[in-house]
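What follows is the content of protein-v2.csv (CSV, N, CA and C atoms).
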chain,number,residue,atom,x,y,z
A,1,MET,N,17.3,-14.6,-8.7
A,1,MET,CA,16.3,-15.0,-7.7
A,1,MET,C,16.6,-14.2,-6.4
A,2,PRO,N,15.8,-13.1,-6.3
A,2,PRO,CA,16.0,-12.2,-5.2
A,2,PRO,C,15.6,-12.9,-3.8
A,3,THR,N,16.5,-12.7,-2.9
A,3,THR,CA,16.2,-13.2,-1.5
A,3,THR,C,15.3,-12.3,-0.8
A,4,LEU,N,14.2,-12.8,-0.2
A,4,LEU,CA,13.2,-12.0,0.5
A,4,LEU,C,13.6,-12.0,2.0
A,5,SER,N,14.1,-13.1,2.5
A,5,SER,CA,14.4,-13.1,4.0
A,5,SER,C,15.3,-14.3,4.2
A,6,ILE,N,16.1,-14.2,5.3
A,6,ILE,CA,16.9,-15.3,5.8
A,6,ILE,C,16.8,-15.3,7.3
A,7,PHE,N,16.4,-16.5,7.8
A,7,PHE,CA,16.3,-16.7,9.3
A,7,PHE,C,16.5,-18.1,9.6
A,8,ARG,N,17.2,-18.3,10.7
A,8,ARG,CA,17.5,-19.6,11.3
A,8,ARG,C,17.9,-20.6,10.2
A,9,GLY,N,18.8,-20.2,9.3
A,9,GLY,CA,19.3,-21.0,8.3
A,9,GLY,C,18.4,-21.3,7.1
A,10,ILE,N,17.2,-20.7,7.1
A,10,ILE,CA,16.3,-20.8,6.0
A,10,ILE,C,16.4,-19.6,5.1
A,11,LYS,N,16.6,-19.8,3.8
A,11,LYS,CA,16.6,-18.7,2.9
A,11,LYS,C,15.4,-18.7,2.0
A,12,VAL,N,14.6,-17.6,2.0
A,12,VAL,CA,13.4,-17.5,1.3
A,12,VAL,C,13.6,-16.6,0.1
A,13,TYR,N,13.2,-17.1,-1.1
A,13,TYR,CA,13.4,-16.3,-2.3
A,13,TYR,C,12.2,-16.5,-3.3
A,14,MET,N,12.2,-15.6,-4.3
A,14,MET,CA,11.2,-15.7,-5.3
A,14,MET,C,12.0,-15.4,-6.6
A,15,ASN,N,11.6,-16.1,-7.7
A,15,ASN,CA,12.2,-15.9,-9.0
A,15,ASN,C,11.5,-14.8,-9.8
A,16,TRP,N,12.2,-14.1,-10.7
A,16,TRP,CA,11.6,-13.1,-11.5
A,16,TRP,C,10.6,-13.7,-12.5
A,17,ASN,N,11.0,-14.8,-13.1
A,17,ASN,CA,10.2,-15.3,-14.2
A,17,ASN,C,9.3,-16.5,-13.7
A,18,GLU,N,8.5,-16.3,-12.7
A,18,GLU,CA,7.7,-17.4,-12.1
A,18,GLU,C,6.4,-17.6,-12.9
A,19,HIS,N,5.8,-18.6,-12.6
A,19,HIS,CA,4.5,-19.0,-13.2
A,19,HIS,C,3.4,-19.1,-12.1
A,20,ASN,N,2.2,-19.0,-12.4
A,20,ASN,CA,1.1,-19.1,-11.4
A,20,ASN,C,1.0,-20.6,-11.1
A,21,PRO,N,0.5,-20.9,-9.9
A,21,PRO,CA,0.0,-20.0,-8.9
A,21,PRO,C,1.0,-19.3,-8.1
A,22,PRO,N,0.7,-18.2,-7.4
A,22,PRO,CA,1.6,-17.5,-6.6
A,22,PRO,C,2.3,-18.4,-5.5
A,23,HIS,N,3.6,-18.3,-5.5
A,23,HIS,CA,4.4,-19.2,-4.6
A,23,HIS,C,5.8,-18.6,-4.3
A,24,PHE,N,6.5,-19.1,-3.3
A,24,PHE,CA,7.8,-18.7,-3.0
A,24,PHE,C,8.6,-20.0,-2.8
A,25,HIS,N,9.9,-19.9,-2.8
A,25,HIS,CA,10.8,-21.0,-2.5
A,25,HIS,C,11.6,-20.8,-1.2
A,26,ALA,N,12.0,-21.9,-0.6
A,26,ALA,CA,12.9,-21.8,0.6
A,26,ALA,C,13.9,-22.9,0.5
A,27,VAL,N,15.1,-22.6,1.0
A,27,VAL,CA,16.2,-23.6,1.0
A,27,VAL,C,16.7,-23.7,2.5
A,28,TYR,N,17.0,-24.9,2.9
A,28,TYR,CA,17.6,-25.1,4.2
A,28,TYR,C,18.4,-26.4,4.1
A,29,GLY,N,19.7,-26.3,4.4
A,29,GLY,CA,20.6,-27.4,4.5
A,29,GLY,C,20.6,-28.3,3.2
A,30,GLY,N,20.5,-27.7,2.0
A,30,GLY,CA,20.5,-28.5,0.8
A,30,GLY,C,19.1,-29.0,0.4
A,31,GLU,N,18.1,-28.8,1.2
A,31,GLU,CA,16.8,-29.2,0.8
A,31,GLU,C,16.0,-27.9,0.4
A,32,GLU,N,15.1,-28.1,-0.6
A,32,GLU,CA,14.3,-27.0,-1.1
A,32,GLU,C,12.8,-27.3,-1.1
A,33,VAL,N,12.0,-26.3,-0.8
A,33,VAL,CA,10.6,-26.4,-0.8
A,33,VAL,C,9.9,-25.3,-1.6
A,34,THR,N,8.8,-25.5,-2.3
A,34,THR,CA,8.0,-24.5,-2.9
A,34,THR,C,6.7,-24.4,-2.2
A,35,VAL,N,6.3,-23.2,-1.8
A,35,VAL,CA,5.1,-23.0,-0.9
A,35,VAL,C,4.1,-22.1,-1.6
A,36,LEU,N,2.9,-22.5,-1.7
A,36,LEU,CA,1.8,-21.7,-2.3
A,36,LEU,C,1.5,-20.6,-1.3
A,37,ILE,N,1.4,-19.3,-1.8
A,37,ILE,CA,1.3,-18.2,-0.8
A,37,ILE,C,-0.1,-18.1,-0.3
A,38,LYS,N,-1.1,-18.2,-1.1
A,38,LYS,CA,-2.5,-18.1,-0.6
A,38,LYS,C,-3.0,-19.2,0.3
A,39,GLU,N,-2.6,-20.5,-0.1
A,39,GLU,CA,-3.0,-21.6,0.7
A,39,GLU,C,-2.0,-22.0,1.8
A,40,LEU,N,-0.8,-21.5,1.7
A,40,LEU,CA,0.3,-21.8,2.7
A,40,LEU,C,0.4,-23.3,2.8
A,41,GLU,N,0.5,-24.0,1.6
A,41,GLU,CA,0.7,-25.4,1.4
A,41,GLU,C,1.9,-25.6,0.6
A,42,VAL,N,2.6,-26.8,0.8
A,42,VAL,CA,3.7,-27.2,0.1
A,42,VAL,C,3.3,-27.6,-1.3
A,43,LEU,N,3.9,-27.0,-2.3
A,43,LEU,CA,3.6,-27.4,-3.7
A,43,LEU,C,4.5,-28.5,-4.2
A,44,SER,N,5.8,-28.4,-3.8
A,44,SER,CA,6.8,-29.4,-4.1
A,44,SER,C,8.0,-29.3,-3.1
A,45,GLY,N,8.7,-30.4,-3.1
A,45,GLY,CA,9.9,-30.4,-2.2
A,45,GLY,C,9.6,-30.7,-0.8
A,46,SER,N,10.6,-30.5,0.0
A,46,SER,CA,10.5,-30.8,1.5
A,46,SER,C,11.6,-30.1,2.3
A,47,LEU,N,11.3,-29.9,3.5
A,47,LEU,CA,12.3,-29.4,4.5
A,47,LEU,C,12.1,-30.3,5.7
A,48,PRO,N,13.1,-30.3,6.6
A,48,PRO,CA,12.8,-31.0,7.9
A,48,PRO,C,11.6,-30.4,8.6
A,49,ASN,N,10.9,-31.2,9.3
A,49,ASN,CA,9.6,-30.8,9.9
A,49,ASN,C,9.7,-29.5,10.7
A,50,LYS,N,10.7,-29.4,11.6
A,50,LYS,CA,10.8,-28.2,12.4
A,50,LYS,C,11.0,-27.0,11.6
A,51,GLN,N,11.8,-27.0,10.6
A,51,GLN,CA,12.1,-25.8,9.7
A,51,GLN,C,10.8,-25.5,8.9
A,52,LEU,N,10.1,-26.6,8.4
A,52,LEU,CA,8.9,-26.3,7.6
A,52,LEU,C,7.8,-25.6,8.5
A,53,LYS,N,7.7,-26.1,9.7
A,53,LYS,CA,6.7,-25.4,10.6
A,53,LYS,C,7.1,-24.0,10.8
A,54,MET,N,8.4,-23.7,11.1
A,54,MET,CA,8.8,-22.3,11.2
A,54,MET,C,8.5,-21.5,10.0
A,55,LEU,N,8.9,-22.1,8.8
A,55,LEU,CA,8.6,-21.4,7.6
A,55,LEU,C,7.2,-21.0,7.3
A,56,LEU,N,6.3,-22.0,7.6
A,56,LEU,CA,4.9,-21.8,7.3
A,56,LEU,C,4.3,-20.8,8.3
A,57,GLY,N,4.8,-20.8,9.6
A,57,GLY,CA,4.4,-19.8,10.5
A,57,GLY,C,4.8,-18.4,10.1
A,58,TRP,N,6.0,-18.3,9.7
A,58,TRP,CA,6.5,-17.0,9.2
A,58,TRP,C,5.7,-16.5,8.0
A,59,ALA,N,5.5,-17.4,7.1
A,59,ALA,CA,4.7,-17.1,5.9
A,59,ALA,C,3.3,-16.6,6.2
A,60,ALA,N,2.7,-17.3,7.2
A,60,ALA,CA,1.3,-16.9,7.5
A,60,ALA,C,1.3,-15.4,8.1
A,61,PHE,N,2.3,-15.1,8.8
A,61,PHE,CA,2.5,-13.7,9.4
A,61,PHE,C,2.8,-12.7,8.3
A,62,HIS,N,3.4,-13.1,7.2
A,62,HIS,CA,3.9,-12.2,6.2
A,62,HIS,C,3.2,-12.5,4.8
A,63,GLN,N,2.1,-13.1,4.9
A,63,GLN,CA,1.4,-13.5,3.6
A,63,GLN,C,1.1,-12.3,2.7
A,64,GLU,N,0.6,-11.2,3.3
A,64,GLU,CA,0.3,-10.1,2.5
A,64,GLU,C,1.6,-9.5,1.8
A,65,GLU,N,2.7,-9.5,2.5
A,65,GLU,CA,3.9,-9.0,1.9
A,65,GLU,C,4.4,-10.0,0.8
A,66,LEU,N,4.2,-11.2,1.0
A,66,LEU,CA,4.6,-12.2,0.0
A,66,LEU,C,3.8,-12.0,-1.3
A,67,MET,N,2.5,-11.7,-1.1
A,67,MET,CA,1.7,-11.5,-2.3
A,67,MET,C,2.1,-10.2,-3.0
A,68,GLU,N,2.5,-9.2,-2.2
A,68,GLU,CA,2.9,-7.9,-2.8
A,68,GLU,C,4.2,-8.1,-3.6
A,69,ASN,N,5.1,-8.9,-3.1
A,69,ASN,CA,6.4,-9.3,-3.8
A,69,ASN,C,6.1,-10.1,-5.1
A,70,TRP,N,5.1,-11.0,-5.0
A,70,TRP,CA,4.7,-11.8,-6.2
A,70,TRP,C,4.3,-10.8,-7.3
A,71,GLU,N,3.4,-9.9,-6.9
A,71,GLU,CA,2.9,-8.9,-7.9
A,71,GLU,C,4.1,-8.1,-8.5
A,72,LEU,N,5.0,-7.7,-7.7
A,72,LEU,CA,6.2,-6.9,-8.2
A,72,LEU,C,7.0,-7.8,-9.1
A,73,ALA,N,7.2,-9.1,-8.8
A,73,ALA,CA,8.0,-10.0,-9.6
A,73,ALA,C,7.3,-10.2,-11.0
A,74,GLU,N,6.0,-10.3,-11.0
A,74,GLU,CA,5.2,-10.4,-12.2
A,74,GLU,C,5.4,-9.2,-13.1
A,75,ASN,N,5.6,-8.1,-12.5
A,75,ASN,CA,5.8,-6.8,-13.3
A,75,ASN,C,7.2,-6.5,-13.5
A,76,LYS,N,8.1,-7.4,-13.2
A,76,LYS,CA,9.6,-7.3,-13.3
A,76,LYS,C,10.1,-6.0,-12.5
A,77,GLN,N,9.5,-5.8,-11.4
A,77,GLN,CA,9.9,-4.7,-10.5
A,77,GLN,C,10.8,-5.2,-9.3
A,78,GLU,N,11.5,-4.3,-8.7
A,78,GLU,CA,12.3,-4.7,-7.6
A,78,GLU,C,11.5,-5.2,-6.4
A,79,LEU,N,12.0,-6.4,-5.9
A,79,LEU,CA,11.3,-6.9,-4.7
A,79,LEU,C,11.9,-6.3,-3.4
A,80,PHE,N,11.1,-6.4,-2.3
A,80,PHE,CA,11.6,-5.9,-1.1
A,80,PHE,C,11.8,-7.0,-0.1
A,81,GLN,N,12.7,-6.7,0.9
A,81,GLN,CA,13.0,-7.7,1.9
A,81,GLN,C,11.8,-7.7,2.9
A,82,ILE,N,11.7,-8.9,3.5
A,82,ILE,CA,10.6,-9.2,4.5
A,82,ILE,C,11.3,-9.5,5.8
A,83,GLU,N,10.8,-8.9,6.9
A,83,GLU,CA,11.4,-9.1,8.2
A,83,GLU,C,11.6,-10.6,8.5
A,84,PRO,N,12.7,-11.0,9.0
A,84,PRO,CA,13.0,-12.4,9.3
A,84,PRO,C,12.3,-12.8,10.6
A,85,MET,N,12.1,-14.1,10.8
A,85,MET,CA,11.6,-14.6,12.1
A,85,MET,C,12.6,-14.2,13.2
A,86,LYS,N,12.1,-13.8,14.3
A,86,LYS,CA,13.0,-13.5,15.5
A,86,LYS,C,13.0,-14.6,16.5

Output the structure of this file as C-alpha cells.
Amino acid sequence: MPTLSIFRGIKVYMNWNEHNPPHFHAVYGGEEVTVLIKELEVLSGSLPNKQLKMLLGWAAFHQEELMENWELAENKQELFQIEPMK
C-alpha cells in the first residue's frame, strides 16, 4: 500500500489491488477512513472531525493527482507522492 502523502499525523495511501469506485485511504491515530475521490465523501470509517476536514480540504486541492494515482494503481504502475498540506 503505497503512501501518497503524510501531513499533520495523517497518512494517505492507496492499495495496488483496489476495486471501483476510485478512492483512497487515510489513517490517523489508529482510526481509518476511506474517501471517494470524485465525490470527496467518506465511503467507510471515520476520523476525528478536525482531521477529516483537513483531509477533505487537502483531497479537494489534489483531486486530479489522486485520480492520476488511481489510474496508475489500476495499471499496476508506480504511484507518485502528492504534496502534503502545509

Name the residues in contact with Ile37 of chain A at a cut-off of 12 Å, using only C-alpha atoms, excluding same-chain residues fewer than 2 positions from it; report them as a PyMOL selection string.
-> chain A and resi 14+20-25+34-35+39-43+55-71

So what do you get for atom N of Pro2 of chain A versus atom N of Glu74 of chain A, distance-wise?
->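 Distance between the two atoms: 11.2 Å.
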
Find the residues around Leu4 of chain A up to 5 Å (all atoms listed in the file counted), leave out those fewer than 6 positions away in its own chain, and share them as a ChimeraX atom specification.
-> /A:12-13,81-82

Using only C-alpha atoms, the best pick from A:Lys38, A:Phe80, A:Pro48, A:Tyr28 as closest to Arg8 of chain A would be A:Tyr28

What does the distance from atom CA of Asn17 of chain A to atom C of Gly30 of chain A come to in Å, to one decimal?
->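 These two atoms are separated by 21.9 Å.
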
List every residue of chain A that DSSP, applied to the backbone, labels as alpha helix (DSSP H), and write the result as a compact mmCIF listing (two decimals) with N, CA and C atoms, in the coordinates of the input.
# COMPACT_ATOMS: atom_id res chain seq x y z
N ASN A 49 10.90 -31.20 9.30
CA ASN A 49 9.60 -30.80 9.90
C ASN A 49 9.70 -29.50 10.70
N LYS A 50 10.70 -29.40 11.60
CA LYS A 50 10.80 -28.20 12.40
C LYS A 50 11.00 -27.00 11.60
N GLN A 51 11.80 -27.00 10.60
CA GLN A 51 12.10 -25.80 9.70
C GLN A 51 10.80 -25.50 8.90
N LEU A 52 10.10 -26.60 8.40
CA LEU A 52 8.90 -26.30 7.60
C LEU A 52 7.80 -25.60 8.50
N LYS A 53 7.70 -26.10 9.70
CA LYS A 53 6.70 -25.40 10.60
C LYS A 53 7.10 -24.00 10.80
N MET A 54 8.40 -23.70 11.10
CA MET A 54 8.80 -22.30 11.20
C MET A 54 8.50 -21.50 10.00
N LEU A 55 8.90 -22.10 8.80
CA LEU A 55 8.60 -21.40 7.60
C LEU A 55 7.20 -21.00 7.30
N LEU A 56 6.30 -22.00 7.60
CA LEU A 56 4.90 -21.80 7.30
C LEU A 56 4.30 -20.80 8.30
N GLY A 57 4.80 -20.80 9.60
CA GLY A 57 4.40 -19.80 10.50
C GLY A 57 4.80 -18.40 10.10
N TRP A 58 6.00 -18.30 9.70
CA TRP A 58 6.50 -17.00 9.20
C TRP A 58 5.70 -16.50 8.00
N ALA A 59 5.50 -17.40 7.10
CA ALA A 59 4.70 -17.10 5.90
C ALA A 59 3.30 -16.60 6.20
N ALA A 60 2.70 -17.30 7.20
CA ALA A 60 1.30 -16.90 7.50
C ALA A 60 1.30 -15.40 8.10
N PHE A 61 2.30 -15.10 8.80
CA PHE A 61 2.50 -13.70 9.40
C PHE A 61 2.80 -12.70 8.30
N GLN A 63 2.10 -13.10 4.90
CA GLN A 63 1.40 -13.50 3.60
C GLN A 63 1.10 -12.30 2.70
N GLU A 64 0.60 -11.20 3.30
CA GLU A 64 0.30 -10.10 2.50
C GLU A 64 1.60 -9.50 1.80
N GLU A 65 2.70 -9.50 2.50
CA GLU A 65 3.90 -9.00 1.90
C GLU A 65 4.40 -10.00 0.80
N LEU A 66 4.20 -11.20 1.00
CA LEU A 66 4.60 -12.20 0.00
C LEU A 66 3.80 -12.00 -1.30
N MET A 67 2.50 -11.70 -1.10
CA MET A 67 1.70 -11.50 -2.30
C MET A 67 2.10 -10.20 -3.00
N GLU A 68 2.50 -9.20 -2.20
CA GLU A 68 2.90 -7.90 -2.80
C GLU A 68 4.20 -8.10 -3.60
N ASN A 69 5.10 -8.90 -3.10
CA ASN A 69 6.40 -9.30 -3.80
C ASN A 69 6.10 -10.10 -5.10
N TRP A 70 5.10 -11.00 -5.00
CA TRP A 70 4.70 -11.80 -6.20
C TRP A 70 4.30 -10.80 -7.30
N GLU A 71 3.40 -9.90 -6.90
CA GLU A 71 2.90 -8.90 -7.90
C GLU A 71 4.10 -8.10 -8.50
N LEU A 72 5.00 -7.70 -7.70
CA LEU A 72 6.20 -6.90 -8.20
C LEU A 72 7.00 -7.80 -9.10
N ALA A 73 7.20 -9.10 -8.80
CA ALA A 73 8.00 -10.00 -9.60
C ALA A 73 7.30 -10.20 -11.00
N GLU A 74 6.00 -10.30 -11.00
CA GLU A 74 5.20 -10.40 -12.20
C GLU A 74 5.40 -9.20 -13.10

The distance between atom C of Ser46 of chain A and atom CA of Asn75 of chain A is 28.6 Å

If we count all atoms listed in the file, what is near Phe7 of chain A at a cut-off of 8 Å, once residues fewer than 2 positions away on the same chain are taken out, given as a list in words?
-> Leu4, Ser5, Gly9, Ile10, Lys11, Val12, Glu83, Pro84, Met85 and Lys86 of chain A

Take the residues just selected and output them with N, CA and C atoms as a short mmCIF file (atom, residue, chain, number, x, y, z; two decimals), in the coordinates of the input.
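Output file result00.cif follows:
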data_model
loop_
_atom_site.label_atom_id
_atom_site.label_comp_id
_atom_site.auth_asym_id
_atom_site.auth_seq_id
_atom_site.Cartn_x
_atom_site.Cartn_y
_atom_site.Cartn_z
N LEU A 4 14.20 -12.80 -0.20
CA LEU A 4 13.20 -12.00 0.50
C LEU A 4 13.60 -12.00 2.00
N SER A 5 14.10 -13.10 2.50
CA SER A 5 14.40 -13.10 4.00
C SER A 5 15.30 -14.30 4.20
N GLY A 9 18.80 -20.20 9.30
CA GLY A 9 19.30 -21.00 8.30
C GLY A 9 18.40 -21.30 7.10
N ILE A 10 17.20 -20.70 7.10
CA ILE A 10 16.30 -20.80 6.00
C ILE A 10 16.40 -19.60 5.10
N LYS A 11 16.60 -19.80 3.80
CA LYS A 11 16.60 -18.70 2.90
C LYS A 11 15.40 -18.70 2.00
N VAL A 12 14.60 -17.60 2.00
CA VAL A 12 13.40 -17.50 1.30
C VAL A 12 13.60 -16.60 0.10
N GLU A 83 10.80 -8.90 6.90
CA GLU A 83 11.40 -9.10 8.20
C GLU A 83 11.60 -10.60 8.50
N PRO A 84 12.70 -11.00 9.00
CA PRO A 84 13.00 -12.40 9.30
C PRO A 84 12.30 -12.80 10.60
N MET A 85 12.10 -14.10 10.80
CA MET A 85 11.60 -14.60 12.10
C MET A 85 12.60 -14.20 13.20
N LYS A 86 12.10 -13.80 14.30
CA LYS A 86 13.00 -13.50 15.50
C LYS A 86 13.00 -14.60 16.50
#
